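Encoded as structure tokens, the structure appears first; notes follow it.
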Amino acid sequence: MNSRFISLVISLLLLTLFPSALRSQTPTFWTSKDGRSLDAQFVRLEGESVVVRKDGAELTLPFARLSQESVNLARSLARTVAPTAPTAGITFAGMVLDPSWLPDRLGVDQLFMESLRYYSQRVVDNQKRGEEKAPDIIYGNIRWLMPMDQAIASLGRVSKMTETKITNQAYPHNSLIIQGLQGRFQDGNSTFNLCYLIADKNRQVVSVELVAQTPRGEGWDVRVPVEAREPYYDFVNLKRNASTGNMVSFQVIPVRPGLKLIKTVLHKRPVGKWTEDVHWYLPAPLAGRFIDIADKVLK
């Protein structure tokens, strides 16, 4: 009998006879319909998928690609394994950061950090540092501190890309994750094909970015002046203008208390075809932490 099948059977028996035996979760074999296998630790269910952990990284395995034995195992584990307790840390308006969130040194492009601080200062304005107001809604139906899984579900039909930890030292250290999504996302009269959810240490959404890779070349807010600043236009994906024939224009648009929209556009000089359109919904509590980091390391 196949050893991987035996492993699945044993796991199911343990769940039935000794429910606490798998709460520490030793790695389990997950088998696809075409016979391929993965040795990884169960984390949680997300709709019709199971999330597992392999070498510290989380992977999403759709039920449609798994064997029935693996699907049954995932559902049994979800019923039996105790949910993970929220992680303790430093909080700002409910946003949970690692105790070591403020780095001592900055291993990142200084120009990137200066640009990030500039936009963050435009968001925070004169609010007292550490007491910035949080918005109720960030984008669409996504609330401030909404659990990641609920935020994804609120967006309708989307395709998930890889979930990753943010390691850029201009961001709070060891504190944030980013989940990329593909789909059709509407924001006013503009349509975007990519969405990035940024979540804190407890998987609560604290920022949203939308990206249009083939924009229609319209969508400026007539209430706010259009300005120019080089070279960065996408601070989540670290993208900058690298061509003398292009330029970056932007708007800082007030949305609601505690939230502003940073709209950046990469386009041909001086007012030519748009190459990329980015909408970054940046809440003040997160913007304040960018300023804290910049103030500490850019002395």
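For the structure tokens, the naming scheme is as follows: chains receive sequential letters (A, B, ...) according to their order of presentation, residues are indexed from 1 within each chain, and ligands are indexed from 1 in presentation order.
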(Q) Taking the DSSP secondary structure from the backbone, can you list the residues of region 48-215 of chain A that are strand (DSSP E or B), as JSON, numbers by chain? (A) {"A": [49, 50, 51, 52, 53, 54, 57, 58, 59, 60, 61, 62, 66, 90, 91, 92, 95, 96, 97, 137, 138, 139, 142, 143, 147, 159, 160, 161, 162, 163, 164, 165, 177, 178, 179, 180, 181, 182, 183, 184, 185, 186, 187, 190, 191, 192, 193, 194, 195, 196, 197, 198, 199, 204, 205, 206, 207, 208, 209, 210, 211, 212]}
Residues just named, written with C-alpha atoms as a PDB file, in the first residue's frame:
ATOM      1  CA  SER A  49      -8.756  25.628  -0.439  1.00  0.00           C
ATOM      2  CA  VAL A  50      -6.410  24.562   2.327  1.00  0.00           C
ATOM      3  CA  VAL A  51      -3.498  26.756   3.415  1.00  0.00           C
ATOM      4  CA  VAL A  52      -0.359  24.847   4.440  1.00  0.00           C
ATOM      5  CA  ARG A  53       3.089  25.895   5.637  1.00  0.00           C
ATOM      6  CA  LYS A  54       6.282  24.618   3.994  1.00  0.00           C
ATOM      7  CA  ALA A  57       6.103  29.988   3.677  1.00  0.00           C
ATOM      8  CA  GLU A  58       2.327  29.634   3.345  1.00  0.00           C
ATOM      9  CA  LEU A  59       0.940  27.895   0.257  1.00  0.00           C
ATOM     10  CA  THR A  60      -2.681  27.660  -0.903  1.00  0.00           C
ATOM     11  CA  LEU A  61      -3.839  24.283  -2.275  1.00  0.00           C
ATOM     12  CA  PRO A  62      -7.228  24.362  -4.062  1.00  0.00           C
ATOM     13  CA  LEU A  66      -6.295  17.612  -4.370  1.00  0.00           C
ATOM     14  CA  ILE A  90       2.963  46.831  19.605  1.00  0.00           C
ATOM     15  CA  THR A  91      -0.350  48.363  18.531  1.00  0.00           C
ATOM     16  CA  PHE A  92      -1.262  51.584  16.744  1.00  0.00           C
ATOM     17  CA  MET A  95      -2.724  47.593  14.021  1.00  0.00           C
ATOM     18  CA  VAL A  96      -0.390  44.961  15.515  1.00  0.00           C
ATOM     19  CA  LEU A  97       3.334  45.263  14.784  1.00  0.00           C
ATOM     20  CA  ILE A 137     -13.341  51.834   5.560  1.00  0.00           C
ATOM     21  CA  ILE A 138     -10.184  51.529   3.419  1.00  0.00           C
ATOM     22  CA  TYR A 139     -11.532  50.534  -0.023  1.00  0.00           C
ATOM     23  CA  ILE A 142     -12.766  46.413   3.159  1.00  0.00           C
ATOM     24  CA  ARG A 143     -12.684  47.791   6.699  1.00  0.00           C
ATOM     25  CA  PRO A 147      -9.423  39.801   8.653  1.00  0.00           C
ATOM     26  CA  SER A 159      -7.366  34.792  -8.302  1.00  0.00           C
ATOM     27  CA  LYS A 160      -4.853  34.705  -5.479  1.00  0.00           C
ATOM     28  CA  MET A 161      -1.170  35.228  -6.144  1.00  0.00           C
ATOM     29  CA  THR A 162       1.600  34.385  -3.691  1.00  0.00           C
ATOM     30  CA  GLU A 163       1.310  35.692  -0.139  1.00  0.00           C
ATOM     31  CA  THR A 164       4.634  37.085   1.044  1.00  0.00           C
ATOM     32  CA  LYS A 165       6.174  38.826   4.036  1.00  0.00           C
ATOM     33  CA  ILE A 177       2.369  40.582   4.857  1.00  0.00           C
ATOM     34  CA  ILE A 178       1.074  41.240   1.381  1.00  0.00           C
ATOM     35  CA  GLN A 179      -1.469  39.221  -0.599  1.00  0.00           C
ATOM     36  CA  GLY A 180      -1.651  39.849  -4.328  1.00  0.00           C
ATOM     37  CA  LEU A 181      -4.906  39.306  -6.233  1.00  0.00           C
ATOM     38  CA  GLN A 182      -5.813  39.280  -9.906  1.00  0.00           C
ATOM     39  CA  GLY A 183      -9.256  40.282 -11.106  1.00  0.00           C
ATOM     40  CA  ARG A 184     -11.295  43.298 -12.118  1.00  0.00           C
ATOM     41  CA  PHE A 185     -11.358  46.039  -9.500  1.00  0.00           C
ATOM     42  CA  GLN A 186     -13.331  49.225  -9.979  1.00  0.00           C
ATOM     43  CA  ASP A 187     -12.417  52.514  -8.345  1.00  0.00           C
ATOM     44  CA  SER A 190     -10.971  53.564 -13.362  1.00  0.00           C
ATOM     45  CA  THR A 191     -10.538  49.797 -13.704  1.00  0.00           C
ATOM     46  CA  PHE A 192      -7.596  47.887 -12.243  1.00  0.00           C
ATOM     47  CA  ASN A 193      -6.386  44.339 -12.849  1.00  0.00           C
ATOM     48  CA  LEU A 194      -4.278  43.864  -9.692  1.00  0.00           C
ATOM     49  CA  CYS A 195      -5.043  44.365  -6.013  1.00  0.00           C
ATOM     50  CA  TYR A 196      -2.606  44.103  -3.100  1.00  0.00           C
ATOM     51  CA  LEU A 197      -3.836  43.703   0.476  1.00  0.00           C
ATOM     52  CA  ILE A 198      -1.356  44.646   3.209  1.00  0.00           C
ATOM     53  CA  ALA A 199      -2.050  43.053   6.604  1.00  0.00           C
ATOM     54  CA  GLN A 204      -5.720  42.324   9.696  1.00  0.00           C
ATOM     55  CA  VAL A 205      -5.853  44.515   6.582  1.00  0.00           C
ATOM     56  CA  VAL A 206      -4.192  47.911   7.073  1.00  0.00           C
ATOM     57  CA  SER A 207      -3.778  49.138   3.477  1.00  0.00           C
ATOM     58  CA  VAL A 208      -4.924  48.420  -0.084  1.00  0.00           C
ATOM     59  CA  GLU A 209      -3.215  49.116  -3.411  1.00  0.00           C
ATOM     60  CA  LEU A 210      -4.764  48.830  -6.886  1.00  0.00           C
ATOM     61  CA  VAL A 211      -2.702  48.653 -10.079  1.00  0.00           C
ATOM     62  CA  ALA A 212      -3.783  49.082 -13.702  1.00  0.00           C
TER      63      ALA A 212
END
Q) Using only C-alpha atoms, which residues sit within 10 Å of Pro283 (chain A) once same-chain residues fewer than 4 positions away are excluded, as a list in words? A) Ser120, Val123, Val124, Glu132, Lys133, Ala134, Pro135, Asp136, Ile137, Ile138, Trp144, Val206, Ser207, Val208, Val255, Arg256, Pro257, Gly258, Leu259, Lys260, Leu261, Ala287 and Gly288 of chain A
Preceding selection exported with N, CA and C atoms as a CSV table (one decimal), in the first residue's frame:
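Here's the written file result08.csv:
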chain,number,residue,atom,x,y,z
A,120,SER,N,3.8,60.0,3.0
A,120,SER,CA,3.2,59.7,4.3
A,120,SER,C,3.0,61.0,5.1
A,123,VAL,N,-0.2,62.4,4.1
A,123,VAL,CA,-1.4,61.7,4.6
A,123,VAL,C,-1.6,62.1,6.1
A,124,VAL,N,-0.6,62.1,6.9
A,124,VAL,CA,-0.7,62.3,8.3
A,124,VAL,C,-1.1,63.8,8.6
A,132,GLU,N,-2.4,58.7,15.4
A,132,GLU,CA,-3.1,59.0,14.1
A,132,GLU,C,-4.5,58.3,14.1
A,133,LYS,N,-5.4,59.0,13.5
A,133,LYS,CA,-6.8,58.5,13.4
A,133,LYS,C,-6.8,57.4,12.3
A,134,ALA,N,-7.5,56.3,12.6
A,134,ALA,CA,-7.7,55.2,11.6
A,134,ALA,C,-9.1,55.4,10.9
A,135,PRO,N,-9.1,55.0,9.6
A,135,PRO,CA,-10.4,55.1,8.9
A,135,PRO,C,-11.3,54.0,9.3
A,136,ASP,N,-12.6,54.1,9.0
A,136,ASP,CA,-13.5,53.0,9.2
A,136,ASP,C,-13.4,52.0,8.0
A,137,ILE,N,-13.4,52.6,6.8
A,137,ILE,CA,-13.3,51.8,5.6
A,137,ILE,C,-12.1,52.2,4.8
A,138,ILE,N,-11.4,51.2,4.2
A,138,ILE,CA,-10.2,51.5,3.4
A,138,ILE,C,-10.5,51.6,1.9
A,144,TRP,N,-10.9,48.8,8.0
A,144,TRP,CA,-9.7,48.9,8.7
A,144,TRP,C,-9.6,47.7,9.7
A,206,VAL,N,-4.5,46.5,6.7
A,206,VAL,CA,-4.2,47.9,7.1
A,206,VAL,C,-3.9,48.8,5.9
A,207,SER,N,-4.0,48.3,4.7
A,207,SER,CA,-3.8,49.1,3.5
A,207,SER,C,-4.2,48.3,2.2
A,208,VAL,N,-4.5,49.1,1.2
A,208,VAL,CA,-4.9,48.4,-0.1
A,208,VAL,C,-4.3,49.2,-1.2
A,255,VAL,N,-9.9,61.0,1.3
A,255,VAL,CA,-11.0,60.1,1.1
A,255,VAL,C,-12.0,60.2,2.3
A,256,ARG,N,-11.4,60.0,3.5
A,256,ARG,CA,-12.2,60.2,4.7
A,256,ARG,C,-11.2,60.4,5.9
A,257,PRO,N,-11.7,60.8,7.0
A,257,PRO,CA,-10.8,61.0,8.2
A,257,PRO,C,-9.9,59.7,8.4
A,258,GLY,N,-8.6,60.0,8.4
A,258,GLY,CA,-7.6,58.9,8.6
A,258,GLY,C,-7.2,58.2,7.4
A,259,LEU,N,-7.6,58.6,6.2
A,259,LEU,CA,-7.3,57.9,5.0
A,259,LEU,C,-7.1,58.9,3.8
A,260,LYS,N,-6.1,58.7,3.0
A,260,LYS,CA,-5.9,59.4,1.8
A,260,LYS,C,-5.5,58.5,0.7
A,261,LEU,N,-5.8,58.8,-0.5
A,261,LEU,CA,-5.5,58.0,-1.7
A,261,LEU,C,-4.3,58.6,-2.4
A,287,ALA,N,0.9,55.2,7.7
A,287,ALA,CA,1.8,56.3,7.2
A,287,ALA,C,2.7,56.9,8.3
A,288,GLY,N,2.1,57.0,9.6
A,288,GLY,CA,2.9,57.5,10.7
A,288,GLY,C,4.1,56.6,11.0
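A straight line drawn from CA of Trp220 (chain A) to CA of Asp125 (chain A) is 22.0 Å long.
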Q. Skipping near chain neighbours, those fewer than 3 positions away, what residues fall within 8 Å of Asp98 (chain A) using only C-alpha atoms, listed as a list in words?
A. Ala88, Gly89, Ile90, Trp101, Pro172, His173, Asn174, Ser175 and Lys201 of chain A
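We find CA of Met113 (chain A) and CA of Gln213 (chain A) to be spaced 24.1 Å apart.
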Q: Please give the complete set of residues from region 9-223 of chain A that DSSP, run on the backbone, assigns to helix (DSSP H, G or I), formatted as a PyMOL selection string.
A: chain A and resi 9-17+19-22+63-65+68-80+110-124+148-154
I need the chosen residues saved as a compact mmCIF listing (two decimals), in the first residue's frame, with C-alpha atoms.
# COMPACT_ATOMS: atom_id res chain seq x y z
CA VAL A 9 -5.15 7.32 7.10
CA ILE A 10 -3.04 7.55 10.26
CA SER A 11 -3.64 11.29 10.47
CA LEU A 12 -7.39 10.79 10.22
CA LEU A 13 -7.30 8.11 12.93
CA LEU A 14 -5.34 10.43 15.21
CA LEU A 15 -7.94 13.12 14.70
CA THR A 16 -10.71 10.71 15.65
CA LEU A 17 -9.03 9.08 18.66
CA PRO A 19 -7.92 15.25 18.71
CA SER A 20 -5.18 17.12 20.56
CA ALA A 21 -2.46 14.99 18.99
CA LEU A 22 -2.35 17.08 15.85
CA PHE A 63 -9.50 21.41 -3.27
CA ALA A 64 -10.13 21.03 -7.01
CA ARG A 65 -6.52 19.87 -7.44
CA GLN A 68 -10.37 13.24 -2.01
CA GLU A 69 -8.30 11.82 0.87
CA SER A 70 -6.41 15.11 1.21
CA VAL A 71 -9.64 17.13 1.05
CA ASN A 72 -11.14 14.98 3.81
CA LEU A 73 -8.00 15.41 5.91
CA ALA A 74 -8.06 19.20 5.51
CA ARG A 75 -11.68 19.42 6.62
CA SER A 76 -11.03 17.14 9.59
CA LEU A 77 -8.07 19.24 10.68
CA ALA A 78 -10.09 22.43 10.37
CA ARG A 79 -12.71 21.02 12.75
CA THR A 80 -10.18 19.74 15.27
CA GLN A 110 17.57 56.36 0.60
CA LEU A 111 15.62 58.03 -2.20
CA PHE A 112 12.87 55.43 -1.79
CA MET A 113 12.65 56.15 1.93
CA GLU A 114 12.59 59.91 1.39
CA SER A 115 9.80 59.56 -1.16
CA LEU A 116 7.81 57.26 1.13
CA ARG A 117 8.17 59.75 3.98
CA TYR A 118 7.07 62.61 1.71
CA TYR A 119 3.79 60.90 0.77
CA SER A 120 3.25 59.69 4.34
CA GLN A 121 3.59 63.23 5.67
CA ARG A 122 0.96 64.34 3.16
CA VAL A 123 -1.36 61.67 4.61
CA VAL A 124 -0.73 62.33 8.30
CA MET A 148 -7.55 39.00 5.46
CA ASP A 149 -9.83 36.10 4.47
CA GLN A 150 -12.95 38.26 4.83
CA ALA A 151 -11.38 41.07 2.82
CA ILE A 152 -10.58 38.68 -0.04
CA ALA A 153 -14.13 37.30 0.03
CA SER A 154 -15.55 40.85 -0.15
Q. Which neighbours of Asp277 (chain A) fall inside 8 Å, counting only C-alpha atoms, when residues of the same chain fewer than 3 positions from it are skipped, and could you give them as a PyMOL selection string?
A. chain A and resi 211-215+263-266+274
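Put simply, CA of Gly35 (chain A) is 23.0 Å away from CA of Gly47 (chain A).
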